[in-house]
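With PDB, C-alpha atoms inside, this is work36.pdb:
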ATOM      1  CA  MET X   1       0.000   0.000   0.000
ATOM      2  CA  LEU X   2       3.014   2.299   0.362
ATOM      3  CA  THR X   3       3.296   2.435  -3.447
ATOM      4  CA  GLY X   4      -0.291   3.616  -3.741
ATOM      5  CA  PHE X   5       0.204   6.059  -0.877
ATOM      6  CA  GLY X   6       3.235   7.577  -2.601
ATOM      7  CA  GLU X   7       1.423   7.884  -5.930
ATOM      8  CA  THR X   8      -1.543   9.602  -4.252
ATOM      9  CA  CYS X   9       0.716  12.087  -2.447
ATOM     10  CA  LEU X  10       2.701  12.794  -5.616
ATOM     11  CA  LEU X  11      -0.469  13.489  -7.611
ATOM     12  CA  PHE X  12      -1.763  15.774  -4.851
ATOM     13  CA  ILE X  13       1.460  17.778  -4.525
ATOM     14  CA  LEU X  14       2.102  18.181  -8.263
ATOM     15  CA  THR X  15      -1.505  19.229  -8.874
ATOM     16  CA  LEU X  16      -1.249  21.943  -6.217
ATOM     17  CA  VAL X  17       2.138  23.198  -7.420
ATOM     18  CA  CYS X  18       0.873  23.551 -11.009
ATOM     19  CA  ALA X  19      -2.784  24.500 -10.464
ATOM     20  CA  LEU X  20      -2.284  27.349  -7.980
ATOM     21  CA  PRO X  21      -0.242  29.618 -10.314
ATOM     22  CA  LEU X  22      -2.178  28.506 -13.416
ATOM     23  CA  GLY X  23      -5.426  29.386 -11.655
ATOM     24  CA  LEU X  24      -4.114  32.905 -11.016
ATOM     25  CA  LEU X  25      -3.259  33.315 -14.712
ATOM     26  CA  ILE X  26      -6.735  32.111 -15.716
ATOM     27  CA  CYS X  27      -8.208  34.534 -13.183
ATOM     28  CA  PHE X  28      -6.314  37.453 -14.732
ATOM     29  CA  GLY X  29      -7.622  36.353 -18.121
ATOM     30  CA  SER X  30     -11.195  36.174 -16.793
ATOM     31  CA  ILE X  31     -11.069  39.760 -15.521
ATOM     32  CA  SER X  32      -9.030  41.116 -18.427
ATOM     33  CA  LYS X  33     -10.291  44.189 -20.239
ATOM     34  CA  ILE X  34      -9.489  42.466 -23.544
ATOM     35  CA  LYS X  35     -12.816  40.874 -24.478
ATOM     36  CA  PRO X  36     -11.553  37.902 -26.579
ATOM     37  CA  ILE X  37      -9.218  36.797 -23.769
ATOM     38  CA  ARG X  38     -11.893  37.339 -21.117
ATOM     39  CA  TRP X  39     -14.547  35.360 -22.976
ATOM     40  CA  LEU X  40     -12.091  32.587 -23.881
ATOM     41  CA  MET X  41     -11.080  32.119 -20.246
ATOM     42  CA  LYS X  42     -14.685  32.267 -19.056
ATOM     43  CA  THR X  43     -15.714  29.678 -21.652
ATOM     44  CA  ILE X  44     -12.917  27.303 -20.606
ATOM     45  CA  VAL X  45     -13.837  27.696 -16.929
ATOM     46  CA  TRP X  46     -17.514  27.132 -17.741
ATOM     47  CA  ILE X  47     -16.763  23.912 -19.637
ATOM     48  CA  ILE X  48     -14.399  22.532 -16.999
ATOM     49  CA  ARG X  49     -16.684  23.377 -14.075
ATOM     50  CA  GLY X  50     -19.726  22.053 -15.923
ATOM     51  CA  THR X  51     -18.356  18.591 -16.703
ATOM     52  CA  PRO X  52     -17.251  15.791 -14.327
ATOM     53  CA  LEU X  53     -13.562  15.420 -13.508
ATOM     54  CA  LEU X  54     -13.912  11.717 -14.291
ATOM     55  CA  LEU X  55     -14.924  12.536 -17.869
ATOM     56  CA  GLN X  56     -12.056  15.009 -18.208
ATOM     57  CA  ILE X  57      -9.538  12.341 -17.174
ATOM     58  CA  ILE X  58     -10.900   9.964 -19.818
ATOM     59  CA  VAL X  59     -10.828  12.672 -22.521
ATOM     60  CA  VAL X  60      -7.238  13.691 -21.717
ATOM     61  CA  PHE X  61      -6.045  10.078 -21.752
ATOM     62  CA  TYR X  62      -7.908   8.791 -24.817
ATOM     63  CA  GLY X  63      -8.409  12.062 -26.740
ATOM     64  CA  PRO X  64      -4.928  12.451 -28.309
ATOM     65  CA  GLY X  65      -5.034   8.906 -29.646
ATOM     66  CA  LEU X  66      -8.527   9.275 -31.132
ATOM     67  CA  LEU X  67      -8.068  12.766 -32.583
ATOM     68  CA  PHE X  68      -4.411  12.847 -33.605
ATOM     69  CA  ASP X  69      -3.454   9.169 -33.662
ATOM     70  CA  TYR X  70      -0.889   9.955 -30.975
ATOM     71  CA  PRO X  71      -1.837   8.028 -27.829
ATOM     72  CA  MET X  72      -0.991   9.336 -24.374
ATOM     73  CA  ARG X  73       1.826   7.081 -23.169
ATOM     74  CA  SER X  74       1.824   7.946 -19.476
ATOM     75  CA  ARG X  75      -1.332   7.325 -17.459
ATOM     76  CA  PHE X  76      -0.021   9.387 -14.569
ATOM     77  CA  ILE X  77       0.750  12.401 -16.807
ATOM     78  CA  ALA X  78      -2.753  12.202 -18.298
ATOM     79  CA  VAL X  79      -4.331  12.242 -14.843
ATOM     80  CA  LEU X  80      -2.049  15.067 -13.723
ATOM     81  CA  ILE X  81      -2.972  17.213 -16.753
ATOM     82  CA  ALA X  82      -6.687  16.653 -16.136
ATOM     83  CA  PHE X  83      -6.354  17.465 -12.423
ATOM     84  CA  VAL X  84      -4.268  20.590 -13.008
ATOM     85  CA  ILE X  85      -6.691  22.023 -15.589
ATOM     86  CA  ASN X  86      -9.732  21.177 -13.469
ATOM     87  CA  TYR X  87      -8.446  22.612 -10.212
ATOM     88  CA  ALA X  88      -6.844  25.636 -11.879
ATOM     89  CA  CYS X  89     -10.296  26.612 -13.164
ATOM     90  CA  TYR X  90     -11.855  26.228  -9.721
ATOM     91  CA  PHE X  91      -8.997  28.115  -8.079
ATOM     92  CA  SER X  92      -9.351  30.903 -10.673
ATOM     93  CA  GLU X  93     -12.938  31.524  -9.583
ATOM     94  CA  ILE X  94     -11.856  31.664  -5.943
ATOM     95  CA  TYR X  95      -9.102  34.132  -6.839
ATOM     96  CA  ARG X  96     -11.548  36.211  -8.864
ATOM     97  CA  GLY X  97     -14.034  36.362  -6.010
ATOM     98  CA  GLY X  98     -11.275  37.460  -3.631
ATOM     99  CA  ILE X  99      -9.930  40.144  -5.958
ATOM    100  CA  GLU X 100     -13.355  41.545  -6.770
ATOM    101  CA  SER X 101     -14.233  41.724  -3.062
ATOM    102  CA  ILE X 102     -11.585  44.421  -2.548
ATOM    103  CA  THR X 103     -13.155  47.871  -2.685
ATOM    104  CA  LYS X 104     -12.217  50.300  -5.442
ATOM    105  CA  GLY X 105     -11.167  52.833  -2.807
ATOM    106  CA  GLN X 106      -8.103  50.788  -1.905
ATOM    107  CA  TYR X 107      -6.851  50.899  -5.487
ATOM    108  CA  GLU X 108      -7.423  54.654  -5.520
ATOM    109  CA  ALA X 109      -5.556  55.052  -2.228
ATOM    110  CA  CYS X 110      -2.586  53.173  -3.681
ATOM    111  CA  ALA X 111      -2.622  55.440  -6.727
ATOM    112  CA  VAL X 112      -2.640  58.533  -4.487
ATOM    113  CA  LEU X 113       0.416  57.164  -2.673
ATOM    114  CA  GLY X 114       2.214  56.905  -6.003
ATOM    115  CA  MET X 115       2.223  53.092  -6.210
ATOM    116  CA  THR X 116       2.142  51.380  -9.577
ATOM    117  CA  LYS X 117      -0.626  48.878 -10.326
ATOM    118  CA  VAL X 118       1.812  45.993  -9.853
ATOM    119  CA  GLN X 119       3.038  47.345  -6.499
ATOM    120  CA  ALA X 120      -0.534  47.982  -5.356
ATOM    121  CA  PHE X 121      -1.590  44.455  -6.256
ATOM    122  CA  PHE X 122       1.296  42.573  -4.643
ATOM    123  CA  HIS X 123       1.796  44.769  -1.566
ATOM    124  CA  VAL X 124      -1.745  45.848  -0.692
ATOM    125  CA  ILE X 125      -4.403  43.850  -2.540
ATOM    126  CA  LEU X 126      -2.907  40.347  -2.661
ATOM    127  CA  PRO X 127      -2.350  39.961   1.133
ATOM    128  CA  GLN X 128      -6.017  40.805   1.725
ATOM    129  CA  VAL X 129      -7.134  38.479  -1.064
ATOM    130  CA  ILE X 130      -5.131  35.599   0.441
ATOM    131  CA  LYS X 131      -6.833  36.140   3.796
ATOM    132  CA  ARG X 132     -10.289  36.059   2.202
ATOM    133  CA  ILE X 133      -9.744  33.025  -0.025
ATOM    134  CA  ILE X 134      -8.198  30.717   2.576
ATOM    135  CA  PRO X 135     -11.539  29.106   3.653
ATOM    136  CA  PRO X 136     -12.839  28.277   0.131
ATOM    137  CA  MET X 137      -9.334  27.341  -1.025
ATOM    138  CA  SER X 138      -8.888  24.939   1.895
ATOM    139  CA  ASN X 139     -12.181  23.284   0.982
ATOM    140  CA  GLU X 140     -11.042  22.736  -2.624
ATOM    141  CA  ILE X 141      -7.666  21.369  -1.531
ATOM    142  CA  ILE X 142      -9.310  18.894   0.844
ATOM    143  CA  THR X 143     -11.587  17.831  -2.012
ATOM    144  CA  LEU X 144      -8.471  17.323  -4.147
ATOM    145  CA  VAL X 145      -7.139  14.776  -1.654
ATOM    146  CA  LYS X 146     -10.283  12.687  -2.077
ATOM    147  CA  ASP X 147     -10.471  13.200  -5.841
ATOM    148  CA  THR X 148      -7.061  11.565  -6.314
ATOM    149  CA  SER X 149      -8.936   8.254  -6.048
ATOM    150  CA  LEU X 150     -10.460   8.985  -9.492
ATOM    151  CA  ALA X 151      -7.055   8.283 -11.056
ATOM    152  CA  ARG X 152      -7.858   4.587 -10.855
ATOM    153  CA  ILE X 153     -10.345   4.934 -13.735
ATOM    154  CA  ILE X 154      -7.471   4.744 -16.271
ATOM    155  CA  GLY X 155      -5.331   2.328 -14.283
ATOM    156  CA  VAL X 156      -3.086   4.612 -12.217
ATOM    157  CA  ILE X 157      -1.879   2.634  -9.198
ATOM    158  CA  GLU X 158      -2.994   4.946  -6.392
ATOM    159  CA  LEU X 159      -4.089   4.052  -2.850
ATOM    160  CA  ILE X 160      -7.643   2.894  -3.578
ATOM    161  CA  THR X 161      -6.465   0.793  -6.529
ATOM    162  CA  VAL X 162      -3.894  -1.013  -4.386
ATOM    163  CA  SER X 163      -6.404  -1.484  -1.558
ATOM    164  CA  GLN X 164      -8.972  -3.000  -3.901
ATOM    165  CA  GLN X 165      -6.390  -5.325  -5.429
ATOM    166  CA  ILE X 166      -5.508  -6.642  -1.960
ATOM    167  CA  VAL X 167      -9.214  -7.050  -1.133
ATOM    168  CA  ASN X 168      -9.769  -9.051  -4.329
ATOM    169  CA  ASN X 169      -6.684 -11.230  -3.848
ATOM    170  CA  TYR X 170      -7.059 -12.036  -0.156
ATOM    171  CA  VAL X 171     -10.813 -11.499   0.379
ATOM    172  CA  ILE X 172     -10.311  -9.125   3.325
ATOM    173  CA  LEU X 173     -11.759  -5.668   3.910
ATOM    174  CA  TRP X 174      -9.074  -4.172   6.146
ATOM    175  CA  PRO X 175      -7.110  -2.486   3.334
ATOM    176  CA  LEU X 176     -10.144  -0.327   2.504
ATOM    177  CA  PHE X 177     -10.378   0.777   6.145
ATOM    178  CA  TYR X 178      -6.663   1.609   6.095
ATOM    179  CA  ALA X 179      -7.189   3.676   2.941
ATOM    180  CA  GLY X 180     -10.100   5.485   4.584
ATOM    181  CA  ALA X 181      -7.963   6.180   7.651
ATOM    182  CA  PHE X 182      -5.270   7.662   5.402
ATOM    183  CA  TYR X 183      -7.714  10.116   3.839
ATOM    184  CA  LEU X 184      -9.099  11.051   7.270
ATOM    185  CA  VAL X 185      -5.643  11.686   8.732
ATOM    186  CA  PHE X 186      -4.414  13.539   5.651
ATOM    187  CA  ASN X 187      -7.455  15.813   5.564
ATOM    188  CA  GLY X 188      -7.306  16.267   9.337
ATOM    189  CA  LEU X 189      -3.731  17.531   9.071
ATOM    190  CA  LEU X 190      -4.711  19.871   6.239
ATOM    191  CA  THR X 191      -7.611  21.204   8.314
ATOM    192  CA  LEU X 192      -5.250  21.960  11.197
ATOM    193  CA  LEU X 193      -2.770  23.590   8.813
ATOM    194  CA  PHE X 194      -5.363  25.887   7.270
ATOM    195  CA  GLY X 195      -6.749  26.715  10.703
ATOM    196  CA  PHE X 196      -3.245  27.768  11.760
ATOM    197  CA  ILE X 197      -2.834  29.879   8.602
ATOM    198  CA  GLU X 198      -6.165  31.622   9.230
ATOM    199  CA  LYS X 199      -5.105  32.532  12.767
ATOM    200  CA  LYS X 200      -1.791  33.874  11.489
ATOM    201  CA  LEU X 201      -3.644  36.115   9.048
ATOM    202  CA  ASN X 202      -6.010  37.491  11.684
ATOM    203  CA  TYR X 203      -3.999  40.714  11.848
ATOM    204  CA  TYR X 204      -5.933  41.789   8.720
ATOM    205  CA  LYS X 205      -9.090  42.037  10.811
ATOM    206  CA  VAL X 206     -10.494  45.514  11.235
TER     207      VAL X 206
END
Let me see the file written as structure tokens.
Amino acid sequence: MLTGFGETCLLFILTLVCALPLGLLICFGSISKIKPIRWLMKTIVWIIRGTPLLLQIIVVFYGPGLLFDYPMRSRFIAVLIAFVINYACYFSEIYRGGIESITKGQYEACAVLGMTKVQAFFHVILPQVIKRIIPPMSNEIITLVKDTSLARIIGVIELITVSQQIVNNYVILWPLFYAGAFYLVFNGLLTLLFGFIEKKLNYYKV
């Protein structure tokens, strides 16, 4: 089961590392003043959020082979691509909600102080946005932990896959309970971590 545990953790970490910055880029595209870019990003987000992640994994894995006669050779890479795109779109909406919740007066105050738009965003706006998006972001990240089990649909050897193989071979249920305990502990640690981060950011309270 350690092999499955490692594969699950690797998928989780790589998805976060790639999806968090990509989500911010998609967010900037969604609020861009350039209409073609804005509508393109909004359309992509709408499609990704409106279809199941399970279907997206299947499309990413089988799509290149069916459309371009160039099959996806790595099952793990296919799953990772699907996860990154999916969660980047969800993260982008969380970012957008956080950015748009900041009042226009704060941007004006930054301009009065002589700050550039980039300085205003990274030094004044972004810290407040981070504080506001921590709760919804933590919820999505915890969901990501559980969604890693969907990788088994195309044969990636993650924790649930290994557990089920042991159940089928030895006709015992304990491996499934162990897998469930892993998800509980993992998500419990993440809950504590995000609770700690929220307390650290309490100095933004008015």
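Using all atoms listed in the file, the nearest neighbour of Leu150 (chain X) within the list X:Pro21, X:Leu54, X:Arg38, X:Val45 is X:Leu54.
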Atom pair CA of Ile58 (chain X) / CA of Ser138 (chain X): separation (Å)
26.5 Å
Applied to the shown file, which residues does the PyMOL selection byres ((chain X and resi 94-103) around 8) return, written as a PyMOL selection string?
chain X and resi 23-24+27-28+30-31+90-93+104-107+125-126+128-130+132-133+136-137
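The gap separating CA of Leu159 (chain X) from CA of Leu20 (chain X) is 23.9 Å, in Å to one decimal.
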State, in Å with one decimal place, the distance from CA of Cys9 (chain X) to CA of Leu201 (chain X).
27.0 Å
Let me make sure I understand: among X:Leu184, X:Ile57, X:Val79, X:Leu193, which one has the smallest atom-to-atom distance to Thr143 (chain X) if we use all atoms listed in the file?
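Of X:Leu184, X:Ile57, X:Val79, X:Leu193, the one nearest Thr143 (chain X), counting all atoms listed in the file, is X:Leu184.
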Translate the PyMOL selection byres ((chain X and resi 160) around 12) into a concrete residue list for this structure, as a compact mmCIF listing (two decimals) with C-alpha atoms, in the coordinates of the input.
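In the end it all went to selection.txt:
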# COMPACT_ATOMS: atom_id res chain seq x y z
CA MET X 1 0.00 0.00 0.00
CA LEU X 2 3.01 2.30 0.36
CA THR X 3 3.30 2.44 -3.45
CA GLY X 4 -0.29 3.62 -3.74
CA PHE X 5 0.20 6.06 -0.88
CA GLY X 6 3.24 7.58 -2.60
CA GLU X 7 1.42 7.88 -5.93
CA THR X 8 -1.54 9.60 -4.25
CA LYS X 146 -10.28 12.69 -2.08
CA ASP X 147 -10.47 13.20 -5.84
CA THR X 148 -7.06 11.56 -6.31
CA SER X 149 -8.94 8.25 -6.05
CA LEU X 150 -10.46 8.98 -9.49
CA ALA X 151 -7.06 8.28 -11.06
CA ARG X 152 -7.86 4.59 -10.86
CA ILE X 153 -10.34 4.93 -13.74
CA GLY X 155 -5.33 2.33 -14.28
CA VAL X 156 -3.09 4.61 -12.22
CA ILE X 157 -1.88 2.63 -9.20
CA GLU X 158 -2.99 4.95 -6.39
CA LEU X 159 -4.09 4.05 -2.85
CA THR X 161 -6.46 0.79 -6.53
CA VAL X 162 -3.89 -1.01 -4.39
CA SER X 163 -6.40 -1.48 -1.56
CA GLN X 164 -8.97 -3.00 -3.90
CA GLN X 165 -6.39 -5.32 -5.43
CA ILE X 166 -5.51 -6.64 -1.96
CA VAL X 167 -9.21 -7.05 -1.13
CA PRO X 175 -7.11 -2.49 3.33
CA LEU X 176 -10.14 -0.33 2.50
CA PHE X 177 -10.38 0.78 6.14
CA TYR X 178 -6.66 1.61 6.10
CA ALA X 179 -7.19 3.68 2.94
CA GLY X 180 -10.10 5.48 4.58
CA ALA X 181 -7.96 6.18 7.65
CA PHE X 182 -5.27 7.66 5.40
CA TYR X 183 -7.71 10.12 3.84
I'd like to know which of X:Thr15, X:Gln119, X:Ser32, X:Asn139 is closest to Tyr87 (chain X), using only C-alpha atoms.
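The closest residue to Tyr87 (chain X) is X:Thr15.
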Residues matched by the PyMOL selection byres ((chain X and resi 78) around 10) as a PDB file with C-alpha atoms, in the frame of the given file:
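Dumped to expr05.pdb:
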ATOM      1  CA  GLN X  56     -12.056  15.009 -18.208  1.00  0.00           C
ATOM      2  CA  ILE X  57      -9.538  12.341 -17.174  1.00  0.00           C
ATOM      3  CA  ILE X  58     -10.900   9.964 -19.818  1.00  0.00           C
ATOM      4  CA  VAL X  59     -10.828  12.672 -22.521  1.00  0.00           C
ATOM      5  CA  VAL X  60      -7.238  13.691 -21.717  1.00  0.00           C
ATOM      6  CA  PHE X  61      -6.045  10.078 -21.752  1.00  0.00           C
ATOM      7  CA  TYR X  62      -7.908   8.791 -24.817  1.00  0.00           C
ATOM      8  CA  MET X  72      -0.991   9.336 -24.374  1.00  0.00           C
ATOM      9  CA  ARG X  73       1.826   7.081 -23.169  1.00  0.00           C
ATOM     10  CA  SER X  74       1.824   7.946 -19.476  1.00  0.00           C
ATOM     11  CA  ARG X  75      -1.332   7.325 -17.459  1.00  0.00           C
ATOM     12  CA  PHE X  76      -0.021   9.387 -14.569  1.00  0.00           C
ATOM     13  CA  ILE X  77       0.750  12.401 -16.807  1.00  0.00           C
ATOM     14  CA  VAL X  79      -4.331  12.242 -14.843  1.00  0.00           C
ATOM     15  CA  LEU X  80      -2.049  15.067 -13.723  1.00  0.00           C
ATOM     16  CA  ILE X  81      -2.972  17.213 -16.753  1.00  0.00           C
ATOM     17  CA  ALA X  82      -6.687  16.653 -16.136  1.00  0.00           C
ATOM     18  CA  PHE X  83      -6.354  17.465 -12.423  1.00  0.00           C
ATOM     19  CA  ALA X 151      -7.055   8.283 -11.056  1.00  0.00           C
ATOM     20  CA  ILE X 154      -7.471   4.744 -16.271  1.00  0.00           C
ATOM     21  CA  VAL X 156      -3.086   4.612 -12.217  1.00  0.00           C
TER      22      VAL X 156
END
Is it possible to get the axis-aligned box enclosing region 60-78 of chain X (all listed atoms, 3 Å extra per side) as JSON, with centre and edge lengths in Å rounded to one decimal?
{"center_x": -3.4, "center_y": 10.4, "center_z": -24.1, "size_x": 16.4, "size_y": 12.6, "size_z": 25.1}
For Ile44 (chain X), the closest of X:Ile197, X:Ile85, X:Gly188, X:Tyr170 counting all atoms listed in the file is X:Ile85
Min atom-atom distance to Cys110 (chain X) from the set X:Phe122, X:Phe12, X:Phe196, X:Phe186, counting all atoms listed in the file, belongs to X:Phe122
